[in-house]
Every structure is written in structure tokens, then in C-alpha cells.
$ cat work.cif   # mmCIF, N, CA and C atoms
data_coords
#
loop_
_atom_site.label_atom_id
_atom_site.label_comp_id
_atom_site.auth_asym_id
_atom_site.auth_seq_id
_atom_site.Cartn_x
_atom_site.Cartn_y
_atom_site.Cartn_z
N MET A 176 126.72 90.06 -88.98
CA MET A 176 125.71 89.47 -89.82
C MET A 176 126.16 88.09 -90.33
N ARG A 177 127.40 88.03 -90.78
CA ARG A 177 127.92 86.77 -91.30
C ARG A 177 127.99 85.72 -90.18
N ALA A 178 128.38 86.12 -89.00
CA ALA A 178 128.46 85.21 -87.86
C ALA A 178 127.08 84.66 -87.51
N ARG A 179 126.07 85.52 -87.61
CA ARG A 179 124.71 85.09 -87.30
C ARG A 179 124.22 84.07 -88.33
N ALA A 180 124.51 84.31 -89.60
CA ALA A 180 124.11 83.37 -90.66
C ALA A 180 124.80 82.02 -90.46
N LEU A 181 126.06 82.08 -90.07
CA LEU A 181 126.80 80.85 -89.81
C LEU A 181 126.20 80.09 -88.63
N LEU A 182 125.81 80.82 -87.60
CA LEU A 182 125.19 80.20 -86.42
C LEU A 182 123.86 79.54 -86.80
N VAL A 183 123.04 80.22 -87.59
CA VAL A 183 121.75 79.67 -88.04
C VAL A 183 121.99 78.41 -88.86
N PHE A 184 122.98 78.47 -89.74
CA PHE A 184 123.30 77.31 -90.57
C PHE A 184 123.73 76.13 -89.69
N ALA A 185 124.59 76.39 -88.71
CA ALA A 185 125.09 75.34 -87.83
C ALA A 185 123.94 74.71 -87.03
N ILE A 186 123.04 75.53 -86.54
CA ILE A 186 121.89 75.02 -85.78
C ILE A 186 120.99 74.18 -86.68
N ALA A 187 120.77 74.63 -87.90
CA ALA A 187 119.94 73.88 -88.84
C ALA A 187 120.59 72.54 -89.18
N ALA A 188 121.88 72.55 -89.43
CA ALA A 188 122.59 71.31 -89.75
C ALA A 188 122.53 70.33 -88.59
N PHE A 189 122.73 70.84 -87.38
CA PHE A 189 122.66 69.99 -86.19
C PHE A 189 121.26 69.39 -86.05
N GLY A 190 120.25 70.23 -86.26
CA GLY A 190 118.87 69.76 -86.18
C GLY A 190 118.57 68.66 -87.18
N LEU A 191 119.04 68.82 -88.41
CA LEU A 191 118.83 67.78 -89.42
C LEU A 191 119.55 66.50 -89.05
N ALA A 192 120.77 66.63 -88.56
CA ALA A 192 121.52 65.44 -88.14
C ALA A 192 120.81 64.73 -87.00
N LEU A 193 120.28 65.49 -86.07
CA LEU A 193 119.57 64.92 -84.94
C LEU A 193 118.31 64.20 -85.39
N ILE A 194 117.56 64.81 -86.29
CA ILE A 194 116.34 64.19 -86.81
C ILE A 194 116.68 62.92 -87.57
N ALA A 195 117.69 62.97 -88.43
CA ALA A 195 118.08 61.79 -89.21
C ALA A 195 118.53 60.67 -88.28
N GLY A 196 119.33 60.99 -87.27
CA GLY A 196 119.79 59.98 -86.33
C GLY A 196 118.65 59.38 -85.54
N THR A 197 117.69 60.20 -85.13
CA THR A 197 116.55 59.72 -84.36
C THR A 197 115.70 58.78 -85.20
N GLY A 198 115.56 59.08 -86.47
CA GLY A 198 114.75 58.23 -87.35
C GLY A 198 115.29 56.82 -87.42
N TYR A 199 116.59 56.66 -87.52
CA TYR A 199 117.17 55.33 -87.61
C TYR A 199 117.06 54.59 -86.29
N SER A 200 117.39 55.26 -85.21
CA SER A 200 117.35 54.57 -83.92
C SER A 200 115.92 54.28 -83.47
N ALA A 201 114.97 55.06 -83.93
CA ALA A 201 113.59 54.82 -83.56
C ALA A 201 113.08 53.51 -84.16
N GLU A 202 113.64 53.16 -85.31
CA GLU A 202 113.23 51.90 -85.94
C GLU A 202 113.69 50.69 -85.12
N LYS A 203 114.85 50.80 -84.50
CA LYS A 203 115.43 49.73 -83.71
C LYS A 203 115.45 48.42 -84.48
N ALA A 204 115.77 48.49 -85.75
CA ALA A 204 115.88 47.29 -86.56
C ALA A 204 117.06 46.47 -86.05
N SER A 205 116.84 45.20 -85.83
CA SER A 205 117.91 44.35 -85.35
C SER A 205 117.60 42.89 -85.67
N TYR A 206 118.56 42.07 -85.35
CA TYR A 206 118.38 40.63 -85.49
C TYR A 206 118.16 40.05 -84.09
N THR A 207 117.80 38.77 -84.04
CA THR A 207 117.56 38.10 -82.76
C THR A 207 118.54 36.95 -82.60
N ASP A 208 119.23 36.91 -81.48
CA ASP A 208 120.10 35.78 -81.16
C ASP A 208 119.24 34.61 -80.70
N VAL A 209 119.55 33.42 -81.19
CA VAL A 209 118.83 32.21 -80.76
C VAL A 209 119.84 31.13 -80.41
N ALA A 210 119.57 30.43 -79.32
CA ALA A 210 120.39 29.29 -78.90
C ALA A 210 120.18 28.14 -79.89
N PRO A 211 121.08 27.17 -79.91
CA PRO A 211 120.92 26.06 -80.84
C PRO A 211 119.55 25.37 -80.80
N ALA A 212 119.01 25.13 -79.62
CA ALA A 212 117.69 24.49 -79.52
C ALA A 212 116.61 25.36 -80.16
N GLU A 213 116.69 26.67 -79.93
CA GLU A 213 115.72 27.59 -80.54
C GLU A 213 115.90 27.64 -82.06
N ALA A 214 117.16 27.60 -82.50
CA ALA A 214 117.43 27.61 -83.95
C ALA A 214 116.88 26.35 -84.61
N LYS A 215 117.07 25.20 -83.95
CA LYS A 215 116.57 23.94 -84.49
C LYS A 215 115.05 23.99 -84.62
N GLU A 216 114.39 24.51 -83.59
CA GLU A 216 112.94 24.64 -83.62
C GLU A 216 112.50 25.63 -84.72
N LEU A 217 113.22 26.72 -84.84
CA LEU A 217 112.92 27.71 -85.87
C LEU A 217 113.02 27.08 -87.26
N ILE A 218 114.06 26.30 -87.48
CA ILE A 218 114.26 25.63 -88.77
C ILE A 218 113.11 24.66 -89.03
N GLU A 219 112.73 23.90 -88.02
CA GLU A 219 111.67 22.89 -88.18
C GLU A 219 110.30 23.52 -88.41
N LYS A 220 110.06 24.70 -87.83
CA LYS A 220 108.73 25.30 -87.89
C LYS A 220 108.59 26.44 -88.89
N THR A 221 109.66 26.74 -89.63
CA THR A 221 109.62 27.87 -90.56
C THR A 221 109.88 27.40 -91.98
N PRO A 222 108.81 27.12 -92.74
CA PRO A 222 109.01 26.71 -94.12
C PRO A 222 109.74 27.80 -94.91
N GLY A 223 110.70 27.39 -95.70
CA GLY A 223 111.41 28.34 -96.55
C GLY A 223 112.49 29.14 -95.85
N ILE A 224 112.80 28.81 -94.60
CA ILE A 224 113.86 29.53 -93.91
C ILE A 224 115.16 29.41 -94.70
N VAL A 225 115.94 30.47 -94.73
CA VAL A 225 117.22 30.46 -95.42
C VAL A 225 118.31 30.49 -94.35
N ILE A 226 119.14 29.47 -94.37
CA ILE A 226 120.23 29.35 -93.40
C ILE A 226 121.51 29.78 -94.12
N ILE A 227 122.15 30.81 -93.61
CA ILE A 227 123.33 31.36 -94.27
C ILE A 227 124.58 31.16 -93.42
N ASP A 228 125.55 30.45 -93.99
CA ASP A 228 126.86 30.27 -93.38
C ASP A 228 127.75 31.37 -93.95
N VAL A 229 128.19 32.30 -93.11
CA VAL A 229 129.01 33.41 -93.58
C VAL A 229 130.51 33.15 -93.36
N SER A 230 130.85 31.91 -93.01
CA SER A 230 132.25 31.56 -92.77
C SER A 230 132.89 31.05 -94.06
N PRO A 231 134.22 31.03 -94.10
CA PRO A 231 134.91 30.44 -95.25
C PRO A 231 135.09 28.92 -95.07
N ALA A 232 134.55 28.34 -94.00
CA ALA A 232 134.76 26.92 -93.67
C ALA A 232 133.56 26.05 -94.03
N TYR A 233 132.71 26.48 -94.92
CA TYR A 233 131.49 25.76 -95.30
C TYR A 233 131.78 24.30 -95.67
N ALA A 234 132.81 24.05 -96.46
CA ALA A 234 133.12 22.70 -96.93
C ALA A 234 133.52 21.76 -95.80
N LYS A 235 133.98 22.29 -94.70
CA LYS A 235 134.39 21.45 -93.56
C LYS A 235 133.21 20.98 -92.73
N GLY A 236 132.05 21.56 -92.95
CA GLY A 236 130.84 21.19 -92.24
C GLY A 236 129.94 22.39 -92.08
N HIS A 237 128.64 22.15 -92.25
CA HIS A 237 127.67 23.24 -92.14
C HIS A 237 126.32 22.69 -91.71
N LEU A 238 125.44 23.58 -91.30
CA LEU A 238 124.10 23.17 -90.92
C LEU A 238 123.38 22.62 -92.14
N PRO A 239 122.53 21.62 -91.96
CA PRO A 239 121.80 21.04 -93.09
C PRO A 239 121.00 22.11 -93.84
N GLY A 240 121.17 22.13 -95.15
CA GLY A 240 120.43 23.05 -95.99
C GLY A 240 121.00 24.45 -96.07
N ALA A 241 122.12 24.69 -95.38
CA ALA A 241 122.71 26.03 -95.38
C ALA A 241 123.30 26.37 -96.74
N VAL A 242 123.28 27.66 -97.05
CA VAL A 242 123.95 28.18 -98.25
C VAL A 242 125.20 28.92 -97.79
N SER A 243 126.19 28.97 -98.65
CA SER A 243 127.46 29.59 -98.32
C SER A 243 127.59 30.96 -98.96
N TYR A 244 127.62 31.99 -98.12
CA TYR A 244 127.89 33.37 -98.56
C TYR A 244 128.93 33.96 -97.61
N PRO A 245 130.21 33.58 -97.81
CA PRO A 245 131.24 34.09 -96.91
C PRO A 245 131.28 35.62 -96.87
N LEU A 246 131.39 36.14 -95.68
CA LEU A 246 131.44 37.58 -95.50
C LEU A 246 132.74 38.15 -96.03
N GLY A 247 133.84 37.48 -95.76
CA GLY A 247 135.17 38.00 -96.08
C GLY A 247 135.46 38.22 -97.54
N ASP A 248 134.84 37.42 -98.42
CA ASP A 248 135.12 37.59 -99.85
C ASP A 248 134.05 38.39 -100.59
N GLY A 249 133.10 38.94 -99.83
CA GLY A 249 132.07 39.77 -100.45
C GLY A 249 130.87 39.01 -100.98
N SER A 250 130.85 37.70 -100.80
CA SER A 250 129.74 36.89 -101.32
C SER A 250 128.39 37.31 -100.75
N LEU A 251 128.34 37.60 -99.46
CA LEU A 251 127.07 38.00 -98.86
C LEU A 251 126.60 39.32 -99.46
N ASP A 252 127.50 40.28 -99.59
CA ASP A 252 127.13 41.57 -100.19
C ASP A 252 126.57 41.39 -101.60
N LYS A 253 127.18 40.50 -102.36
CA LYS A 253 126.73 40.25 -103.73
C LYS A 253 125.37 39.54 -103.76
N ALA A 254 125.11 38.70 -102.76
CA ALA A 254 123.87 37.92 -102.72
C ALA A 254 122.68 38.72 -102.23
N ILE A 255 122.91 39.69 -101.36
CA ILE A 255 121.82 40.42 -100.70
C ILE A 255 120.77 40.97 -101.67
N PRO A 256 121.14 41.61 -102.78
CA PRO A 256 120.10 42.16 -103.66
C PRO A 256 119.14 41.10 -104.24
N ALA A 257 119.60 39.87 -104.34
CA ALA A 257 118.76 38.81 -104.91
C ALA A 257 117.96 38.04 -103.86
N LEU A 258 118.22 38.28 -102.59
CA LEU A 258 117.52 37.56 -101.53
C LEU A 258 116.13 38.14 -101.31
N ASP A 259 115.20 37.27 -100.92
CA ASP A 259 113.81 37.64 -100.68
C ASP A 259 113.65 38.21 -99.27
N LYS A 260 113.34 39.49 -99.17
CA LYS A 260 113.23 40.15 -97.86
C LYS A 260 112.05 39.66 -97.04
N SER A 261 111.12 38.93 -97.64
CA SER A 261 109.97 38.43 -96.89
C SER A 261 110.28 37.12 -96.17
N LYS A 262 111.40 36.50 -96.48
CA LYS A 262 111.75 35.23 -95.86
C LYS A 262 112.44 35.43 -94.51
N THR A 263 112.56 34.32 -93.80
CA THR A 263 113.25 34.29 -92.51
C THR A 263 114.68 33.80 -92.75
N TYR A 264 115.64 34.44 -92.07
CA TYR A 264 117.06 34.11 -92.25
C TYR A 264 117.70 33.76 -90.93
N LEU A 265 118.50 32.70 -90.94
CA LEU A 265 119.32 32.30 -89.80
C LEU A 265 120.77 32.39 -90.25
N VAL A 266 121.54 33.23 -89.58
CA VAL A 266 122.94 33.46 -89.94
C VAL A 266 123.84 32.86 -88.88
N TYR A 267 124.93 32.23 -89.33
CA TYR A 267 125.92 31.73 -88.39
C TYR A 267 127.29 31.71 -89.04
N CYS A 268 128.29 31.47 -88.22
CA CYS A 268 129.67 31.40 -88.66
C CYS A 268 130.41 30.50 -87.69
N HIS A 269 131.71 30.62 -87.64
CA HIS A 269 132.51 29.94 -86.63
C HIS A 269 133.04 30.96 -85.62
N VAL A 270 132.80 32.24 -85.91
CA VAL A 270 133.28 33.34 -85.08
C VAL A 270 132.14 34.33 -84.88
N ASP A 271 131.92 34.74 -83.62
CA ASP A 271 130.83 35.68 -83.31
C ASP A 271 130.88 36.95 -84.15
N ARG A 272 132.04 37.57 -84.22
CA ARG A 272 132.16 38.87 -84.89
C ARG A 272 131.66 38.80 -86.33
N VAL A 273 132.02 37.75 -87.04
CA VAL A 273 131.62 37.62 -88.45
C VAL A 273 130.13 37.34 -88.57
N ALA A 274 129.60 36.48 -87.71
CA ALA A 274 128.16 36.19 -87.73
C ALA A 274 127.35 37.45 -87.41
N ILE A 275 127.82 38.22 -86.44
CA ILE A 275 127.14 39.46 -86.08
C ILE A 275 127.15 40.43 -87.26
N GLN A 276 128.30 40.57 -87.90
CA GLN A 276 128.40 41.47 -89.06
C GLN A 276 127.47 41.01 -90.18
N GLY A 277 127.40 39.70 -90.41
CA GLY A 277 126.51 39.18 -91.45
C GLY A 277 125.05 39.48 -91.15
N ALA A 278 124.64 39.24 -89.91
CA ALA A 278 123.25 39.52 -89.52
C ALA A 278 122.96 41.02 -89.63
N GLN A 279 123.90 41.84 -89.22
CA GLN A 279 123.71 43.29 -89.30
C GLN A 279 123.58 43.76 -90.75
N LYS A 280 124.33 43.16 -91.65
CA LYS A 280 124.23 43.53 -93.07
C LYS A 280 122.82 43.27 -93.60
N LEU A 281 122.24 42.14 -93.23
CA LEU A 281 120.88 41.82 -93.67
C LEU A 281 119.89 42.84 -93.11
N VAL A 282 120.02 43.13 -91.84
CA VAL A 282 119.12 44.09 -91.19
C VAL A 282 119.24 45.46 -91.86
N LYS A 283 120.45 45.91 -92.08
CA LYS A 283 120.67 47.23 -92.71
C LYS A 283 120.12 47.27 -94.14
N ALA A 284 120.05 46.11 -94.78
CA ALA A 284 119.52 46.03 -96.14
C ALA A 284 117.99 45.95 -96.16
N GLY A 285 117.36 45.94 -94.97
CA GLY A 285 115.91 45.96 -94.90
C GLY A 285 115.23 44.64 -94.60
N PHE A 286 116.00 43.62 -94.24
CA PHE A 286 115.42 42.33 -93.89
C PHE A 286 114.87 42.42 -92.47
N LYS A 287 113.67 41.90 -92.26
CA LYS A 287 112.99 42.04 -90.97
C LYS A 287 113.11 40.81 -90.08
N LYS A 288 113.19 39.62 -90.67
CA LYS A 288 113.21 38.38 -89.88
C LYS A 288 114.60 37.74 -89.97
N VAL A 289 115.50 38.27 -89.15
CA VAL A 289 116.89 37.82 -89.15
C VAL A 289 117.24 37.28 -87.77
N TYR A 290 117.79 36.09 -87.74
CA TYR A 290 118.22 35.44 -86.51
C TYR A 290 119.69 35.08 -86.63
N ARG A 291 120.39 35.06 -85.49
CA ARG A 291 121.80 34.67 -85.47
C ARG A 291 121.94 33.52 -84.49
N LEU A 292 122.61 32.47 -84.92
CA LEU A 292 122.83 31.31 -84.07
C LEU A 292 123.85 31.67 -82.99
N LYS A 293 123.37 31.76 -81.77
CA LYS A 293 124.23 32.09 -80.63
C LYS A 293 125.20 30.94 -80.38
N GLY A 294 126.47 31.25 -80.31
CA GLY A 294 127.48 30.21 -80.14
C GLY A 294 127.94 29.63 -81.46
N ASN A 295 127.24 29.98 -82.52
CA ASN A 295 127.62 29.63 -83.89
C ASN A 295 127.70 28.12 -84.14
N TYR A 296 128.47 27.74 -85.13
CA TYR A 296 128.58 26.35 -85.59
C TYR A 296 128.98 25.42 -84.44
N LYS A 297 129.93 25.82 -83.63
CA LYS A 297 130.40 24.98 -82.53
C LYS A 297 129.26 24.65 -81.56
N ALA A 298 128.44 25.62 -81.23
CA ALA A 298 127.33 25.37 -80.31
C ALA A 298 126.34 24.38 -80.91
N TRP A 299 126.11 24.49 -82.22
CA TRP A 299 125.22 23.57 -82.91
C TRP A 299 125.76 22.14 -82.82
N VAL A 300 127.04 21.98 -83.11
CA VAL A 300 127.69 20.66 -83.06
C VAL A 300 127.71 20.13 -81.63
N ASP A 301 128.06 21.00 -80.68
CA ASP A 301 128.11 20.58 -79.25
C ASP A 301 126.74 20.15 -78.76
N ALA A 302 125.67 20.67 -79.33
CA ALA A 302 124.31 20.28 -78.93
C ALA A 302 123.93 18.92 -79.53
N GLY A 303 124.78 18.41 -80.42
CA GLY A 303 124.53 17.09 -81.01
C GLY A 303 123.62 17.12 -82.22
N TYR A 304 123.43 18.29 -82.80
CA TYR A 304 122.56 18.41 -83.98
C TYR A 304 123.31 18.04 -85.25
N PRO A 305 122.59 17.61 -86.26
CA PRO A 305 123.25 17.12 -87.48
C PRO A 305 123.94 18.23 -88.28
N ILE A 306 124.97 17.80 -89.02
CA ILE A 306 125.67 18.70 -89.94
C ILE A 306 125.79 17.99 -91.29
N GLU A 307 126.14 18.76 -92.29
CA GLU A 307 126.43 18.20 -93.62
C GLU A 307 127.85 18.59 -93.98
N LYS A 308 128.45 17.76 -94.83
CA LYS A 308 129.80 18.07 -95.35
C LYS A 308 129.79 17.97 -96.85
#
$ encode --input "work.cif" --output "C-alpha cells"
Amino acid sequence: MRARALLVFAIAAFGLALIAGTGYSAEKASYTDVAPAEAKELIEKTPGIVIIDVSPAYAKGHLPGAVSYPLGDGSLDKAIPALDKSKTYLVYCHVDRVAIQGAQKLVKAGFKKVYRLKGNYKAWVDAGYPIEK
């Protein structure tokens, strides 16, 4: 009897885990990678776009109008609750891994219009686009 109850419990727990997992993956919430030319066009055509530099190198150069929320020191995590989820966000860094993590954090927090600059800051500079210091 006890073994049967344990089996029923295990099946129920597995079923709940499966349902919960399916719900998240069904949403397929994600960000979109954009090349520098696409990012430039997005910036030009999207009033109110928020450009987020998640690197610690903001002072050395950044995209025009970008705000600095470094991922490593927790600044992005602290800023997320105050950000407007209805706006469009472009995230970049100097390293893919950090930019990807930053974009993923926004998506997980419920932001729908999140883009990541493919190739990051270097690709923007190599394309000859302006920067600020």
C-alpha cells in the first residue's frame, strides 16, 4: 500500500514538473540578435529605445545614448524593476557571454522587445558607427 502511494505521488510530481516545464518552453520568450546595421536602423526607427551597455568598460566608449548597467556588479539586476517593459531594449557588451546573459535577464523578467547587438561593441566600431566617450 505504501509503495503504491509513493508511486502515485512520484507520477503526480513528474506530471506537474512536465506541465510546468512545458509552459515555459511553450512561451519561447527570447531576444533577437541584430547585426550592427540592423541595430543602427532599429535605433533610428524606434523612438524611446533603451540602449544598455552591460560591460564595465562604458567610460572607454559606448554607443550614443547608451546607459551603463554592468552585469558583473549587479547594476542590471538593480535597474530591471524600474525599467519600462513596454519599451524596446538593445543590449551589448564587449563579450558575447555577458551580452547574452544581460539580454536573457531582461527576457526572464518579462521584457518582450529585447535585442542583442551581434558582435557587440567591436562590431559597431568596425562598422564605422559613432561612439561616445
$ resolve_selection --input "work.cif" --expression "the PyMOL selection byres ((chain A and resi 289) around 8)" --output "CSV table (one decimal) with N, CA and C atoms, keeping the file's coordinate frame"
chain,number,residue,atom,x,y,z
A,205,SER,N,116.8,45.2,-85.8
A,205,SER,CA,117.9,44.4,-85.4
A,205,SER,C,117.6,42.9,-85.7
A,206,TYR,N,118.6,42.1,-85.4
A,206,TYR,CA,118.4,40.6,-85.5
A,206,TYR,C,118.2,40.0,-84.1
A,207,THR,N,117.8,38.8,-84.0
A,207,THR,CA,117.6,38.1,-82.8
A,207,THR,C,118.5,37.0,-82.6
A,208,ASP,N,119.2,36.9,-81.5
A,208,ASP,CA,120.1,35.8,-81.2
A,208,ASP,C,119.2,34.6,-80.7
A,209,VAL,N,119.6,33.4,-81.2
A,209,VAL,CA,118.8,32.2,-80.8
A,209,VAL,C,119.8,31.1,-80.4
A,262,LYS,N,111.4,36.5,-96.5
A,262,LYS,CA,111.8,35.2,-95.9
A,262,LYS,C,112.4,35.4,-94.5
A,263,THR,N,112.6,34.3,-93.8
A,263,THR,CA,113.2,34.3,-92.5
A,263,THR,C,114.7,33.8,-92.8
A,264,TYR,N,115.6,34.4,-92.1
A,264,TYR,CA,117.1,34.1,-92.2
A,264,TYR,C,117.7,33.8,-90.9
A,265,LEU,N,118.5,32.7,-90.9
A,265,LEU,CA,119.3,32.3,-89.8
A,265,LEU,C,120.8,32.4,-90.2
A,266,VAL,N,121.5,33.2,-89.6
A,266,VAL,CA,122.9,33.5,-89.9
A,266,VAL,C,123.8,32.9,-88.9
A,278,ALA,N,124.6,39.2,-89.9
A,278,ALA,CA,123.2,39.5,-89.5
A,278,ALA,C,123.0,41.0,-89.6
A,281,LEU,N,122.2,42.1,-93.2
A,281,LEU,CA,120.9,41.8,-93.7
A,281,LEU,C,119.9,42.8,-93.1
A,282,VAL,N,120.0,43.1,-91.8
A,282,VAL,CA,119.1,44.1,-91.2
A,282,VAL,C,119.2,45.5,-91.9
A,286,PHE,N,116.0,43.6,-94.2
A,286,PHE,CA,115.4,42.3,-93.9
A,286,PHE,C,114.9,42.4,-92.5
A,287,LYS,N,113.7,41.9,-92.3
A,287,LYS,CA,113.0,42.0,-91.0
A,287,LYS,C,113.1,40.8,-90.1
A,288,LYS,N,113.2,39.6,-90.7
A,288,LYS,CA,113.2,38.4,-89.9
A,288,LYS,C,114.6,37.7,-90.0
A,290,TYR,N,117.8,36.1,-87.7
A,290,TYR,CA,118.2,35.4,-86.5
A,290,TYR,C,119.7,35.1,-86.6
A,291,ARG,N,120.4,35.1,-85.5
A,291,ARG,CA,121.8,34.7,-85.5
A,291,ARG,C,121.9,33.5,-84.5
A,292,LEU,N,122.6,32.5,-84.9
A,292,LEU,CA,122.8,31.3,-84.1
A,292,LEU,C,123.8,31.7,-83.0
$ select_by_dssp --input "work.cif" --residues "range 203-285 of chain A" --states "strand (DSSP E or B)" --output "list in words"
Thr207, Asp208, Val209, Val225, Ile226, Ile227, Asp228, His237, Val242, Ser243, Thr263, Tyr264, Leu265, Val266 and Tyr267 of chain A
$ resolve_selection --input "work.cif" --expression "the PyMOL selection byres ((chain A and resi 249-257) around 8)" --output "PDB file with N, CA and C atoms, in the frame of the given file"
ATOM      1  N   VAL A 229     128.190  32.300 -93.110  1.00  0.00           N
ATOM      2  CA  VAL A 229     129.010  33.410 -93.580  1.00  0.00           C
ATOM      3  C   VAL A 229     130.510  33.150 -93.360  1.00  0.00           C
ATOM      4  N   SER A 243     126.190  28.970 -98.650  1.00  0.00           N
ATOM      5  CA  SER A 243     127.460  29.590 -98.320  1.00  0.00           C
ATOM      6  C   SER A 243     127.590  30.960 -98.960  1.00  0.00           C
ATOM      7  N   TYR A 244     127.620  31.990 -98.120  1.00  0.00           N
ATOM      8  CA  TYR A 244     127.890  33.370 -98.560  1.00  0.00           C
ATOM      9  C   TYR A 244     128.930  33.960 -97.610  1.00  0.00           C
ATOM     10  N   PRO A 245     130.210  33.580 -97.810  1.00  0.00           N
ATOM     11  CA  PRO A 245     131.240  34.090 -96.910  1.00  0.00           C
ATOM     12  C   PRO A 245     131.280  35.620 -96.870  1.00  0.00           C
ATOM     13  N   LEU A 246     131.390  36.140 -95.680  1.00  0.00           N
ATOM     14  CA  LEU A 246     131.440  37.580 -95.500  1.00  0.00           C
ATOM     15  C   LEU A 246     132.740  38.150 -96.030  1.00  0.00           C
ATOM     16  N   GLY A 247     133.840  37.480 -95.760  1.00  0.00           N
ATOM     17  CA  GLY A 247     135.170  38.000 -96.080  1.00  0.00           C
ATOM     18  C   GLY A 247     135.460  38.220 -97.540  1.00  0.00           C
ATOM     19  N   ASP A 248     134.840  37.420 -98.420  1.00  0.00           N
ATOM     20  CA  ASP A 248     135.120  37.590 -99.850  1.00  0.00           C
ATOM     21  C   ASP A 248     134.050  38.390-100.590  1.00  0.00           C
ATOM     22  N   LEU A 258     118.220  38.280-102.590  1.00  0.00           N
ATOM     23  CA  LEU A 258     117.520  37.560-101.530  1.00  0.00           C
ATOM     24  C   LEU A 258     116.130  38.140-101.310  1.00  0.00           C
ATOM     25  N   ASP A 259     115.200  37.270-100.920  1.00  0.00           N
ATOM     26  CA  ASP A 259     113.810  37.640-100.680  1.00  0.00           C
ATOM     27  C   ASP A 259     113.650  38.210 -99.270  1.00  0.00           C
ATOM     28  N   LYS A 260     113.340  39.490 -99.170  1.00  0.00           N
ATOM     29  CA  LYS A 260     113.230  40.150 -97.860  1.00  0.00           C
ATOM     30  C   LYS A 260     112.050  39.660 -97.040  1.00  0.00           C
ATOM     31  N   GLY A 277     127.400  39.700 -90.410  1.00  0.00           N
ATOM     32  CA  GLY A 277     126.510  39.180 -91.450  1.00  0.00           C
ATOM     33  C   GLY A 277     125.050  39.480 -91.150  1.00  0.00           C
ATOM     34  N   LYS A 280     124.330  43.160 -91.650  1.00  0.00           N
ATOM     35  CA  LYS A 280     124.230  43.530 -93.070  1.00  0.00           C
ATOM     36  C   LYS A 280     122.820  43.270 -93.600  1.00  0.00           C
ATOM     37  N   LEU A 281     122.240  42.140 -93.230  1.00  0.00           N
ATOM     38  CA  LEU A 281     120.880  41.820 -93.670  1.00  0.00           C
ATOM     39  C   LEU A 281     119.890  42.840 -93.110  1.00  0.00           C
ATOM     40  N   ALA A 284     120.050  46.110 -94.780  1.00  0.00           N
ATOM     41  CA  ALA A 284     119.520  46.030 -96.140  1.00  0.00           C
ATOM     42  C   ALA A 284     117.990  45.950 -96.160  1.00  0.00           C
TER      43      ALA A 284
END
$ closest_residue --input "work.cif" --among "A:Asp301, A:Asp271, A:Glu216, A:Glu307" --to "Gly236 in chain A" --atoms "only N, CA and C atoms"
A:Glu307
$ resolve_selection --input "work.cif" --expression "the PyMOL selection byres ((chain A and resi 296) around 8)" --output "ChimeraX atom specification"
/A:236-238,266-271,292-295,297-302
$ atom_distance --input "work.cif" --atom1 "CA of Ala212 in chain A" --atom2 "CA of Pro305 in chain A"
12.2 Å
$ atom_distance --input "work.cif" --atom1 "CA of Tyr304 in chain A" --atom2 "CA of Pro231 in chain A"
20.6 Å
$ atom_distance --input "work.cif" --atom1 "CA of Ile227 in chain A" --atom2 "atom C of Ala241 in chain A"
5.6 Å
$ decode --input "work.cif" --residues "range 229-271 of chain A" --atoms "C-alpha atoms" --output "PDB file, in the first residue's frame"
ATOM      1  CA  VAL A 229      26.301  45.710 -19.663  1.00  0.00           C
ATOM      2  CA  SER A 230      30.105  45.920 -19.741  1.00  0.00           C
ATOM      3  CA  PRO A 231      32.353  47.530 -17.127  1.00  0.00           C
ATOM      4  CA  ALA A 232      34.100  49.475 -19.955  1.00  0.00           C
ATOM      5  CA  TYR A 233      31.378  52.119 -20.531  1.00  0.00           C
ATOM      6  CA  ALA A 234      33.755  55.047 -19.859  1.00  0.00           C
ATOM      7  CA  LYS A 235      36.175  53.841 -22.548  1.00  0.00           C
ATOM      8  CA  GLY A 236      33.491  54.199 -25.212  1.00  0.00           C
ATOM      9  CA  HIS A 237      29.854  53.300 -25.748  1.00  0.00           C
ATOM     10  CA  LEU A 238      27.052  53.563 -28.264  1.00  0.00           C
ATOM     11  CA  PRO A 239      25.478  57.026 -28.406  1.00  0.00           C
ATOM     12  CA  GLY A 240      22.747  57.396 -25.806  1.00  0.00           C
ATOM     13  CA  ALA A 241      23.592  54.127 -24.052  1.00  0.00           C
ATOM     14  CA  VAL A 242      23.088  53.713 -20.322  1.00  0.00           C
ATOM     15  CA  SER A 243      25.520  51.760 -18.179  1.00  0.00           C
ATOM     16  CA  TYR A 244      24.205  48.794 -16.187  1.00  0.00           C
ATOM     17  CA  PRO A 245      27.194  46.467 -15.779  1.00  0.00           C
ATOM     18  CA  LEU A 246      26.171  42.867 -15.324  1.00  0.00           C
ATOM     19  CA  GLY A 247      29.112  41.931 -13.108  1.00  0.00           C
ATOM     20  CA  ASP A 248      28.395  44.373 -10.294  1.00  0.00           C
ATOM     21  CA  GLY A 249      24.650  43.735 -10.165  1.00  0.00           C
ATOM     22  CA  SER A 250      23.664  47.084 -11.682  1.00  0.00           C
ATOM     23  CA  LEU A 251      21.420  45.488 -14.300  1.00  0.00           C
ATOM     24  CA  ASP A 252      19.621  43.385 -11.681  1.00  0.00           C
ATOM     25  CA  LYS A 253      19.037  46.511  -9.587  1.00  0.00           C
ATOM     26  CA  ALA A 254      17.782  48.502 -12.597  1.00  0.00           C
ATOM     27  CA  ILE A 255      15.371  45.902 -14.004  1.00  0.00           C
ATOM     28  CA  PRO A 256      12.444  46.601 -11.613  1.00  0.00           C
ATOM     29  CA  ALA A 257      12.440  50.288 -12.620  1.00  0.00           C
ATOM     30  CA  LEU A 258      12.670  49.703 -16.383  1.00  0.00           C
ATOM     31  CA  ASP A 259       9.592  50.080 -18.586  1.00  0.00           C
ATOM     32  CA  LYS A 260       8.639  46.668 -20.006  1.00  0.00           C
ATOM     33  CA  SER A 261       6.760  48.298 -22.898  1.00  0.00           C
ATOM     34  CA  LYS A 262       9.941  49.822 -24.342  1.00  0.00           C
ATOM     35  CA  THR A 263      12.417  48.328 -26.787  1.00  0.00           C
ATOM     36  CA  TYR A 264      15.872  47.381 -25.466  1.00  0.00           C
ATOM     37  CA  LEU A 265      19.182  46.886 -27.252  1.00  0.00           C
ATOM     38  CA  VAL A 266      21.805  45.151 -25.111  1.00  0.00           C
ATOM     39  CA  TYR A 267      25.510  44.922 -25.845  1.00  0.00           C
ATOM     40  CA  CYS A 268      28.866  44.396 -24.185  1.00  0.00           C
ATOM     41  CA  HIS A 269      32.435  43.723 -25.235  1.00  0.00           C
ATOM     42  CA  VAL A 270      31.994  39.974 -24.691  1.00  0.00           C
ATOM     43  CA  ASP A 271      29.241  37.740 -26.131  1.00  0.00           C
TER      44      ASP A 271
END
